[in-house]
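Next comes coords-v7.cif, a file with mmCIF, C-alpha atoms.
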data_start
#
loop_
_atom_site.label_atom_id
_atom_site.label_comp_id
_atom_site.auth_asym_id
_atom_site.auth_seq_id
_atom_site.Cartn_x
_atom_site.Cartn_y
_atom_site.Cartn_z
CA MET D 420 -75.45 -13.02 -60.21
CA SER D 421 -75.83 -9.36 -59.24
CA GLY D 422 -73.06 -6.85 -59.85
CA ALA D 423 -72.81 -6.14 -56.09
CA ARG D 424 -72.27 -9.84 -55.30
CA CYS D 425 -69.60 -10.10 -58.03
CA ILE D 426 -67.78 -7.17 -56.45
CA VAL D 427 -67.94 -8.77 -52.98
CA ILE D 428 -66.49 -12.06 -54.30
CA LEU D 429 -63.74 -10.22 -56.16
CA LEU D 430 -62.85 -8.17 -53.08
CA ALA D 431 -62.77 -11.29 -50.93
CA SER D 432 -60.30 -12.99 -53.27
CA LEU D 433 -58.11 -9.89 -53.29
CA PHE D 434 -58.11 -9.68 -49.48
CA ILE D 435 -57.18 -13.35 -49.13
CA SER D 436 -54.18 -12.92 -51.39
CA THR D 437 -53.21 -9.74 -49.52
CA ALA D 438 -53.53 -11.37 -46.10
CA THR D 439 -51.14 -14.18 -47.02
CA ALA D 440 -48.44 -11.58 -47.57
CA GLN D 441 -48.73 -10.21 -44.05
CA GLN D 442 -46.78 -11.18 -41.00
CA ALA D 443 -48.01 -14.44 -39.42
CA ASP D 444 -48.90 -12.77 -36.09
CA VAL D 445 -50.12 -9.22 -36.82
CA THR D 446 -52.43 -8.14 -39.63
CA PHE D 447 -52.13 -4.35 -39.11
CA PHE D 448 -51.94 -1.63 -36.48
CA VAL D 449 -53.49 1.81 -36.21
CA ILE D 450 -53.39 5.06 -34.22
CA GLY D 451 -56.60 7.06 -34.25
CA LYS D 452 -58.57 10.08 -33.12
CA HIS D 453 -62.30 9.52 -32.89
CA ALA D 454 -65.57 11.46 -32.59
CA ASN D 455 -68.67 9.78 -31.22
CA TYR D 456 -72.22 10.91 -32.10
CA GLU D 457 -75.72 9.69 -31.31
CA GLN D 458 -78.56 9.80 -33.84
CA ASP D 459 -82.12 10.00 -32.62
CA LEU D 460 -85.14 8.49 -34.36
CA SER D 461 -85.76 11.72 -36.29
CA GLY D 462 -82.26 11.57 -37.80
CA ALA D 463 -80.77 14.42 -35.75
CA HIS D 464 -77.21 14.08 -34.41
CA SER D 465 -75.82 15.03 -31.02
CA SER D 466 -72.13 15.00 -30.11
CA VAL D 467 -71.20 12.59 -27.30
CA ASP D 468 -67.42 12.78 -26.87
CA PHE D 469 -64.02 12.51 -28.53
CA SER D 470 -61.31 9.95 -27.89
CA PHE D 471 -57.84 8.68 -28.76
CA PHE D 472 -56.99 5.03 -29.42
CA SER D 473 -54.35 2.70 -30.81
CA GLU D 474 -54.83 -0.95 -31.80
CA ILE D 475 -52.68 -3.88 -32.90
CA PHE D 476 -54.74 -6.54 -34.70
CA LEU D 477 -53.55 -10.14 -34.33
CA THR D 478 -54.07 -12.99 -36.77
CA THR D 479 -56.28 -15.88 -35.65
CA ASP D 480 -53.32 -17.77 -34.14
CA GLY D 481 -51.03 -14.77 -33.73
CA ASN D 482 -49.34 -13.52 -30.61
CA ALA D 483 -47.42 -10.43 -29.53
CA ALA D 484 -45.56 -9.09 -26.53
CA ASN D 485 -43.79 -5.94 -25.33
CA ALA D 486 -46.32 -3.77 -27.15
CA ASN D 487 -46.07 -0.07 -26.38
CA LEU D 488 -46.81 3.32 -27.88
CA ARG D 489 -44.60 6.40 -27.62
CA PHE D 490 -46.38 9.77 -27.73
CA PRO D 491 -45.03 13.03 -29.22
CA THR D 492 -44.37 14.16 -25.62
CA GLY D 493 -41.96 11.24 -25.13
CA GLU D 494 -44.32 9.37 -22.78
CA THR D 495 -44.52 5.64 -23.45
CA ILE D 496 -47.43 3.43 -22.38
CA ALA D 497 -48.18 -0.28 -22.81
CA PHE D 498 -51.00 -1.80 -24.84
CA ASN D 499 -53.72 -3.84 -23.10
CA ASP D 500 -54.24 -7.43 -24.26
CA MET D 501 -57.99 -7.48 -25.05
CA ARG D 502 -58.01 -11.27 -25.39
CA LYS D 503 -57.87 -11.40 -21.61
CA VAL D 504 -60.81 -9.05 -21.00
CA ASP D 505 -63.88 -10.73 -19.53
CA SER D 506 -66.61 -8.62 -21.18
CA GLY D 507 -68.27 -7.78 -24.46
CA SER D 508 -65.10 -5.80 -25.35
CA GLN D 509 -63.06 -8.98 -25.67
CA ASP D 510 -61.26 -9.06 -29.02
CA ASN D 511 -58.16 -10.46 -30.72
CA ILE D 512 -56.29 -7.17 -30.43
CA PHE D 513 -53.93 -5.12 -28.28
CA LEU D 514 -55.51 -1.79 -27.33
CA ILE D 515 -54.67 1.62 -25.92
CA SER D 516 -57.71 3.74 -25.09
CA GLY D 517 -56.97 7.31 -24.09
CA GLU D 518 -57.90 8.22 -20.53
CA GLU D 519 -59.27 11.60 -21.56
CA ARG D 520 -62.63 11.70 -23.39
CA PRO D 521 -63.12 15.44 -23.95
CA GLY D 522 -66.26 17.11 -25.22
CA SER D 523 -64.62 18.90 -28.17
CA TYR D 524 -62.18 18.04 -30.93
CA ALA D 525 -59.96 21.01 -30.05
CA GLU D 526 -59.63 19.69 -26.50
CA LEU D 527 -58.80 16.22 -27.82
CA LEU D 528 -55.98 17.70 -29.89
CA ARG D 529 -54.59 19.42 -26.81
CA HIS D 530 -54.39 16.07 -24.99
CA TYR D 531 -53.23 14.09 -28.04
CA PRO D 532 -51.46 16.45 -30.48
CA ASP D 533 -50.73 15.77 -34.16
CA GLY D 534 -47.08 14.78 -33.78
CA ASP D 535 -44.80 11.76 -34.12
CA TYR D 536 -46.12 8.51 -32.66
CA ARG D 537 -44.06 5.32 -32.49
CA VAL D 538 -45.34 1.75 -32.06
CA SER D 539 -43.17 -1.17 -30.93
CA PHE D 540 -43.94 -4.85 -30.36
CA THR D 541 -42.39 -8.30 -30.72
CA THR D 542 -43.93 -11.47 -32.13
CA PRO D 543 -42.72 -15.05 -32.74
CA SER D 544 -42.43 -14.19 -36.45
CA GLY D 545 -40.72 -10.80 -36.14
CA ALA D 546 -40.78 -7.40 -34.52
CA VAL D 547 -41.62 -3.77 -35.15
CA GLN D 548 -39.42 -1.25 -33.37
CA ASN D 549 -40.43 2.42 -33.33
CA GLY D 550 -42.87 2.13 -36.21
CA HIS D 551 -43.16 5.83 -37.01
CA LEU D 552 -46.58 7.31 -37.82
CA ASN D 553 -47.94 10.85 -38.00
CA PHE D 554 -51.22 12.69 -38.56
CA LYS D 555 -51.57 14.78 -41.70
CA GLU D 556 -53.92 17.64 -42.56
CA ARG D 557 -57.07 15.67 -43.43
CA PRO D 558 -60.22 16.88 -41.64
CA LEU D 559 -62.39 14.86 -39.31
CA PRO D 560 -65.23 13.30 -41.40
CA ALA D 561 -68.81 14.43 -40.93
CA PRO D 562 -70.94 12.12 -38.75
CA PRO D 563 -72.77 9.65 -41.01
CA THR D 564 -76.55 9.62 -41.01
CA ILE D 565 -77.86 6.05 -40.70
CA SER D 566 -80.93 4.58 -42.38
CA THR D 567 -82.34 1.07 -42.08
CA GLN D 568 -84.61 -0.84 -44.43
CA GLN D 569 -86.47 -4.16 -44.32
CA LYS D 570 -88.00 -5.36 -47.58
CA GLU D 571 -89.65 -2.34 -49.21
CA LEU D 572 -89.91 -0.26 -45.99
CA LYS D 573 -87.22 2.34 -45.27
CA ASN D 574 -86.02 4.33 -42.26
CA CYS D 575 -87.10 1.70 -39.74
CA ARG D 576 -87.18 2.67 -36.08
CA MET D 577 -88.35 -0.81 -35.07
CA LEU D 578 -87.13 -3.90 -36.93
CA ALA D 579 -88.95 -7.18 -37.45
CA PRO D 580 -86.96 -10.10 -35.98
CA GLY D 581 -85.72 -12.78 -38.39
CA VAL D 582 -85.81 -10.42 -41.41
CA ASP D 583 -82.66 -9.18 -43.17
CA ALA D 584 -82.05 -5.47 -42.52
CA VAL D 585 -80.23 -3.26 -45.01
CA VAL D 586 -78.15 -0.51 -43.38
CA THR D 587 -77.30 2.55 -45.48
CA TRP D 588 -75.61 5.83 -44.60
CA SER D 589 -74.93 9.30 -45.92
CA GLN D 590 -72.11 9.60 -48.45
CA PHE D 591 -68.52 9.55 -47.16
CA THR D 592 -67.92 12.89 -48.86
CA ASN D 593 -64.17 13.24 -48.25
CA GLY D 594 -63.42 9.50 -48.53
CA ARG D 595 -60.65 8.57 -50.97
CA SER D 596 -58.38 5.82 -52.22
CA ASP D 597 -54.93 5.60 -50.63
CA PRO D 598 -52.24 7.43 -52.67
CA ASN D 599 -49.72 4.91 -51.24
CA GLY D 600 -51.82 1.96 -52.40
CA ILE D 601 -51.87 0.29 -48.97
CA LEU D 602 -55.42 0.81 -47.70
CA ASP D 603 -58.30 3.07 -48.76
CA ASP D 604 -60.52 5.00 -46.36
CA LEU D 605 -62.73 2.62 -44.38
CA ILE D 606 -66.33 2.19 -43.26
CA PHE D 607 -67.32 -0.08 -40.36
CA VAL D 608 -70.84 -1.23 -39.44
CA ILE D 609 -71.34 -2.94 -36.07
CA LEU D 610 -74.50 -4.14 -34.34
CA THR D 611 -74.34 -4.92 -30.61
CA ASP D 612 -77.00 -6.29 -28.29
CA ALA D 613 -78.10 -4.85 -24.94
CA GLU D 614 -75.16 -6.56 -23.18
CA GLY D 615 -72.63 -5.05 -25.58
CA ASN D 616 -71.97 -8.26 -27.49
CA ARG D 617 -71.34 -7.92 -31.22
CA VAL D 618 -73.96 -9.73 -33.26
CA ALA D 619 -73.02 -8.31 -36.68
CA HIS D 620 -69.79 -6.77 -38.06
CA SER D 621 -68.96 -5.55 -41.56
CA GLY D 622 -65.40 -6.88 -41.38
CA ARG D 623 -61.83 -5.62 -41.00
CA PRO D 624 -59.07 -5.40 -43.60
CA PHE D 625 -56.28 -7.97 -44.05
CA GLU D 626 -58.25 -10.79 -42.41
CA GLY D 627 -59.16 -12.67 -45.59
CA ARG D 628 -62.82 -11.60 -45.53
CA PRO D 629 -64.79 -8.81 -47.25
CA TYR D 630 -64.92 -5.41 -45.56
CA LEU D 631 -66.16 -1.93 -46.48
CA ASN D 632 -64.35 1.10 -47.83
CA TYR D 633 -65.42 4.67 -48.60
CA SER D 634 -67.14 3.71 -51.87
CA ASN D 635 -69.58 1.26 -50.27
CA ASP D 636 -73.08 2.49 -49.45
CA ARG D 637 -74.82 -0.43 -47.67
CA PHE D 638 -74.43 -3.45 -45.42
CA VAL D 639 -76.91 -6.27 -44.85
CA ILE D 640 -77.55 -7.55 -41.32
CA ASP D 641 -78.61 -11.19 -41.38
CA GLY D 642 -82.14 -11.45 -40.02
CA ASP D 643 -81.18 -14.53 -37.99
CA VAL D 644 -79.27 -12.36 -35.50
CA LEU D 645 -82.32 -10.14 -34.84
CA LYS D 646 -84.26 -11.61 -31.92
CA PRO D 647 -87.78 -10.56 -30.81
CA ASP D 648 -88.28 -7.75 -28.27
CA GLU D 649 -84.60 -6.81 -28.07
CA THR D 650 -82.71 -3.52 -27.97
CA TYR D 651 -79.71 -3.11 -30.27
CA LEU D 652 -77.10 -0.42 -30.88
CA LEU D 653 -76.18 0.15 -34.53
CA SER D 654 -72.88 1.93 -35.24
CA VAL D 655 -71.58 3.26 -38.56
CA GLU D 656 -68.02 4.63 -38.67
CA HIS D 657 -66.33 6.67 -41.41
CA ALA D 658 -62.54 6.53 -41.07
CA SER D 659 -60.16 8.77 -43.02
CA LEU D 660 -56.68 7.24 -43.20
CA ASP D 661 -53.67 9.55 -42.97
CA ASP D 662 -50.15 8.17 -42.76
CA THR D 663 -50.23 4.71 -44.38
CA SER D 664 -46.98 2.68 -44.14
CA LEU D 665 -45.55 -0.85 -44.04
CA PHE D 666 -43.33 -2.08 -41.19
CA ASP D 667 -41.78 -5.52 -41.66
CA SER D 668 -44.62 -6.17 -44.16
CA VAL D 669 -47.26 -5.16 -41.56
CA PRO D 670 -49.59 -2.34 -42.74
CA ALA D 671 -50.03 0.59 -40.37
CA PHE D 672 -51.82 3.92 -40.51
CA THR D 673 -53.21 6.85 -38.58
CA THR D 674 -56.90 7.66 -38.82
CA ARG D 675 -59.44 10.34 -37.98
CA ALA D 676 -62.75 8.55 -37.54
CA VAL D 677 -66.34 9.48 -36.74
CA THR D 678 -68.98 7.04 -35.48
CA THR D 679 -72.74 7.56 -35.38
CA LYS D 680 -74.75 5.30 -33.06
CA LEU D 681 -78.45 4.59 -33.42
CA SER D 682 -80.52 2.70 -30.85
CA LEU D 683 -83.03 0.27 -32.38
CA ARG D 684 -85.61 -2.21 -31.11
CA THR D 685 -87.15 -5.30 -32.61
CA THR D 686 -90.83 -6.10 -32.60
CA SER D 687 -92.27 -9.18 -30.90
CA SER D 688 -93.10 -11.19 -34.00
CA THR D 689 -91.66 -12.00 -37.41
CA GLN D 690 -95.11 -11.16 -38.77
CA ASP D 691 -94.59 -7.52 -37.81
CA THR D 692 -93.08 -5.09 -40.26
CA CYS D 693 -90.56 -2.28 -39.98
CA THR D 694 -91.98 0.83 -38.30
CA PRO D 695 -90.60 3.84 -40.24
CA MET D 696 -88.73 6.69 -38.55
CA THR D 697 -90.07 10.22 -38.58
CA PRO D 698 -88.09 12.41 -41.05
CA SER D 699 -85.66 14.69 -39.26
CA LEU D 700 -86.29 18.30 -38.23
CA THR D 701 -83.36 20.62 -37.49
CA SER D 702 -85.11 23.69 -36.08
CA GLN D 703 -88.44 25.54 -35.75
CA THR D 704 -89.51 29.01 -36.90
CA THR D 705 -92.80 30.81 -36.21
CA MET D 706 -93.66 33.38 -38.91
CA PHE D 707 -95.55 36.61 -38.05
CA TYR D 708 -96.86 39.11 -40.64
CA TYR D 709 -96.85 42.93 -40.36
CA LYS D 710 -97.81 46.06 -42.24
CA ASP D 711 -95.09 47.96 -40.34
CA LEU D 712 -92.03 45.69 -40.20
CA GLU D 713 -89.84 48.42 -38.69
CA ARG D 714 -91.89 48.58 -35.47
CA ALA D 715 -91.84 44.79 -35.13
CA ASP D 716 -88.07 44.81 -35.70
CA HIS D 717 -87.68 47.37 -32.90
CA PHE D 718 -89.85 45.33 -30.52
CA TYR D 719 -87.99 42.03 -30.87
CA GLY D 720 -84.53 43.55 -31.24
CA ASN D 721 -84.62 46.45 -28.78
CA ILE D 722 -87.46 45.86 -26.34
CA LEU D 723 -87.00 42.09 -25.98
CA GLY D 724 -83.29 42.20 -26.86
CA LEU D 725 -83.30 38.99 -28.93
CA GLU D 726 -80.43 38.16 -31.28
CA LYS D 727 -81.11 38.86 -34.96
CA THR D 728 -79.93 35.98 -37.17
CA LEU D 729 -81.29 37.11 -40.57
CA ASP D 730 -82.03 40.58 -41.93
CA TRP D 731 -83.48 41.00 -45.42
CA ASP D 732 -85.71 43.83 -46.61
CA TRP D 733 -88.94 41.84 -46.30
CA VAL D 734 -88.14 39.29 -43.54
CA LYS D 735 -86.10 39.24 -40.33
CA PHE D 736 -85.34 36.31 -37.99
CA TYR D 737 -84.75 36.56 -34.23
CA LYS D 738 -83.35 33.67 -32.19
CA THR D 739 -85.68 32.43 -29.43
CA GLY D 740 -83.77 29.28 -28.42
CA PRO D 741 -80.93 26.95 -29.45
CA ALA D 742 -82.89 25.74 -32.51
CA SER D 743 -85.89 28.08 -32.76
CA THR D 744 -86.56 31.52 -34.22
CA VAL D 745 -89.41 33.96 -34.81
CA GLY D 746 -89.64 35.30 -38.36
CA LEU D 747 -91.01 38.81 -39.01
CA VAL D 748 -92.47 39.17 -42.51
CA THR D 749 -93.76 42.32 -44.19
CA GLU D 750 -97.12 42.03 -45.92
CA GLY D 751 -96.62 41.93 -49.67
CA ASP D 752 -95.31 39.81 -52.52
CA GLY D 753 -92.78 37.95 -50.35
CA GLY D 754 -95.27 36.87 -47.70
CA TRP D 755 -97.68 33.95 -47.86
CA HIS D 756 -100.31 35.42 -45.50
CA LYS D 757 -102.01 38.78 -45.13
CA VAL D 758 -102.15 40.72 -41.88
CA GLN D 759 -105.35 39.95 -39.93
CA GLU D 760 -107.43 42.36 -37.87
CA THR D 761 -107.16 39.99 -34.88
CA ASN D 762 -104.27 37.53 -34.55
CA ALA D 763 -105.21 34.42 -32.56
CA VAL D 764 -101.58 33.35 -32.32
CA MET D 765 -99.31 33.24 -29.28
CA LEU D 766 -95.52 33.03 -29.28
CA SER D 767 -94.57 31.27 -26.02
CA LEU D 768 -90.97 31.63 -24.85
CA VAL D 769 -89.84 29.23 -22.12
CA THR D 770 -87.20 30.42 -19.65
CA GLU D 771 -85.62 29.55 -16.32
CA GLU D 772 -85.27 33.29 -15.52
CA ILE D 773 -88.82 34.57 -15.73
CA ASP D 774 -88.42 37.31 -13.12
CA ALA D 775 -85.24 38.63 -14.74
CA TRP D 776 -87.02 38.87 -18.10
CA TYR D 777 -89.97 40.72 -16.55
CA GLU D 778 -87.71 43.18 -14.75
CA GLN D 779 -85.67 43.85 -17.91
CA ILE D 780 -88.63 44.41 -20.22
CA SER D 781 -90.97 46.29 -17.87
CA GLY D 782 -88.78 49.38 -17.94
CA LYS D 783 -88.69 49.61 -21.74
CA GLU D 784 -90.66 52.32 -23.55
CA GLY D 785 -93.32 50.81 -25.81
CA ALA D 786 -93.67 47.58 -23.85
CA VAL D 787 -97.38 46.65 -23.74
CA PHE D 788 -98.30 44.07 -21.09
CA LEU D 789 -101.50 42.07 -21.39
CA LYS D 790 -100.93 40.28 -18.07
CA ASP D 791 -98.46 41.05 -15.30
CA ILE D 792 -96.19 38.37 -13.95
CA ALA D 793 -97.97 35.83 -11.75
CA ASP D 794 -98.13 32.15 -10.87
CA GLY D 795 -100.88 30.12 -12.45
CA GLY D 796 -101.16 26.35 -12.32
CA PRO D 797 -97.82 24.73 -13.21
CA ILE D 798 -96.22 27.91 -14.61
CA ARG D 799 -95.18 31.46 -13.70
CA SER D 800 -95.75 33.82 -16.65
CA PHE D 801 -96.52 37.23 -18.12
CA LEU D 802 -98.07 38.25 -21.46
CA MET D 803 -97.22 41.05 -23.89
CA GLU D 804 -98.59 42.35 -27.17
CA ASP D 805 -96.23 43.02 -30.08
CA PRO D 806 -96.79 45.80 -32.66
CA GLY D 807 -98.70 43.46 -34.97
CA GLY D 808 -101.18 42.43 -32.29
CA TYR D 809 -99.54 39.04 -31.68
CA THR D 810 -99.42 37.78 -28.09
CA VAL D 811 -95.95 37.03 -26.69
CA GLU D 812 -95.87 34.89 -23.56
CA PHE D 813 -92.86 34.35 -21.29
CA PHE D 814 -93.26 31.44 -18.90
CA GLN D 815 -91.27 29.28 -16.48
CA TRP D 816 -92.30 25.80 -15.39
CA LEU D 817 -93.02 25.54 -11.68
CA GLU D 818 -93.99 21.89 -12.07
CA PRO D 819 -92.19 20.56 -15.17
CA PRO D 820 -94.20 18.00 -17.13
CA GLU D 821 -93.03 14.41 -16.85
#

Mind turning this structure into structure tokens?
Amino acid sequence: MSGARCIVILLASLFISTATAQQADVTFFVIGKHANYEQDLSGAHSSVDFSFFSEIFLTTDGNAANANLRFPTGETIAFNDMRKVDSGSQDNIFLISGEERPGSYAELLRHYPDGDYRVSFTTPSGAVQNGHLNFKERPLPAPPTISTQQKELKNCRMLAPGVDAVVTWSQFTNGRSDPNGILDDLIFVILTDAEGNRVAHSGRPFEGRPYLNYSNDRFVIDGDVLKPDETYLLSVEHASLDDTSLFDSVPAFTTRAVTTKLSLRTTSSTQDTCTPMTPSLTSQTTMFYYKDLERADHFYGNILGLEKTLDWDWVKFYKTGPASTVGLVTEGDGGWHKVQETNAVMLSLVTEEIDAWYEQISGKEGAVFLKDIADGGPIRSFLMEDPGGYTVEFFQWLEPPE
């Protein structure tokens, strides 16, 4: 028996003994602040939104009533019974989902500040009145980077149906064990189908089944749930737990959690194999080489007016877009290439303000134009020559490509 399987069996036995000590109706409740990210097939992340939530998790046969949450402002709102929801969101929980889903964490904190929150509910086996929880100073975790593997092939962007898939993620760097000994930082892995139905779940604490904490680094999706020619959404969440407490033997905590979501597809046949993802790229830099770096520095900084992001003696970077730069390198020991008599290289800068750029640059001393502004085919453009003989093109799409 493998060491990993021994650990899973041991954890399961511990969770079963823990669950029997909990209240008969509620396993735990939580108040959380959450960041949502998407990961593309290259591995790059993009922020989606931020949200607030609170959940009361019921046992299999448990029940609750009069569930409400009091905010630091004094406002009190009722939980929604998700057992009565007719959708893929149906679950054995009571839920509050914040109405505001802001685009930044700072804005989320303005709507839902780090103050005193109080949870109340009644059950046939007992009650919690004003269960007091707070948020401490722990930071929001970094968004996890997800990888998938089938057999010996890693970083799958398309999965073979009927084949077990191993999900791994970047290290939960600030994950920790709970100093109060109630519950360690958590990891959740969820796979949903195109209709939003959960087809795989890594488990929740206090339910008598294995689940994941910050020290785990993988989860296996049973190949039987992967059907041919389907689209799935894979989610991995890292949850830092703040204020862990017990109320009438019911565990409770606050959390700051981050979820990364990755869209995946399955192939049409079990005979197919995983199609690997392309390794991620974070930005792009074009390097130009010069005998006179000072003149090139003047051209890009003063004539074009680009923002300088790096300035060393032998190389300088200028920002040309949100994730692109042009690097100016002096000929010598630090440079890979030598300056050429004729440079058959063009730096093309795409803009939505082509006429404004032309007007701004045309009045600058030292600006050398190879072609005046004009429409041609699907673009409007003009061409310049920089001090090293490189061609710099500014263009605007008149007919954007599909």

As JSON, please: the centre and edge lengths in Å, to one decimal, of an axis-aligned box enclosing every listed atom of segment 611-623 of chain D with 3 Å added on each side.
{"center_x": -70.0, "center_y": -7.3, "center_z": -32.4, "size_x": 22.3, "size_y": 10.9, "size_z": 24.4}

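Using all atoms listed in the file, the smallest distance between any of D:Ser654, D:Thr692, D:Asn482, D:Gln548 and Arg502 of chain D comes from D:Asn482.
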
- Could you state which residues are captured by the PyMOL selection byres ((chain D and resi 637-642) around 12) in this file, as a ChimeraX atom specification? /D:423-424,427,565-570,578-591,606-611,617-622,629-636,643-647,653-655,685,689

- Note on the structure: Counting all atoms listed in the file, closest pick from D:Thr749, D:Gln458, D:Thr694, D:Ser800 relative to Lys573 of chain D is D:Thr694

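Proximity to Leu725 of chain D at 12 Å, evaluated using only C-alpha atoms and with sequence-adjacent residues fewer than 4 positions away removed, yields Asp716, His717, Phe718, Tyr719, Gly720, Asn721, Leu729, Lys735, Phe736, Tyr737, Lys738, Thr739, Gly740, Ser743, Thr744, Val745, Gly746, Leu768, Trp776 and Ile780 of chain D.
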
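Nearest to Ser539 of chain D of all the residues D:Asp691, D:Glu784, D:Asp505, D:Glu474 is D:Glu474, based on all atoms listed in the file.
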
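Considering the residues D:Gly534, D:Gly627, D:Gly807, D:Gly796 and counting only C-alpha atoms, Thr479 of chain D has its shortest atom-to-atom contact with D:Gly627.
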
- Item | Spatial neighbours of Ala793 of chain D, 12 Å, all atoms listed in the file, chain gap at least 6 places, as an MDAnalysis selection string | chainID D and resid 773:774 777 799:802 813:815 817
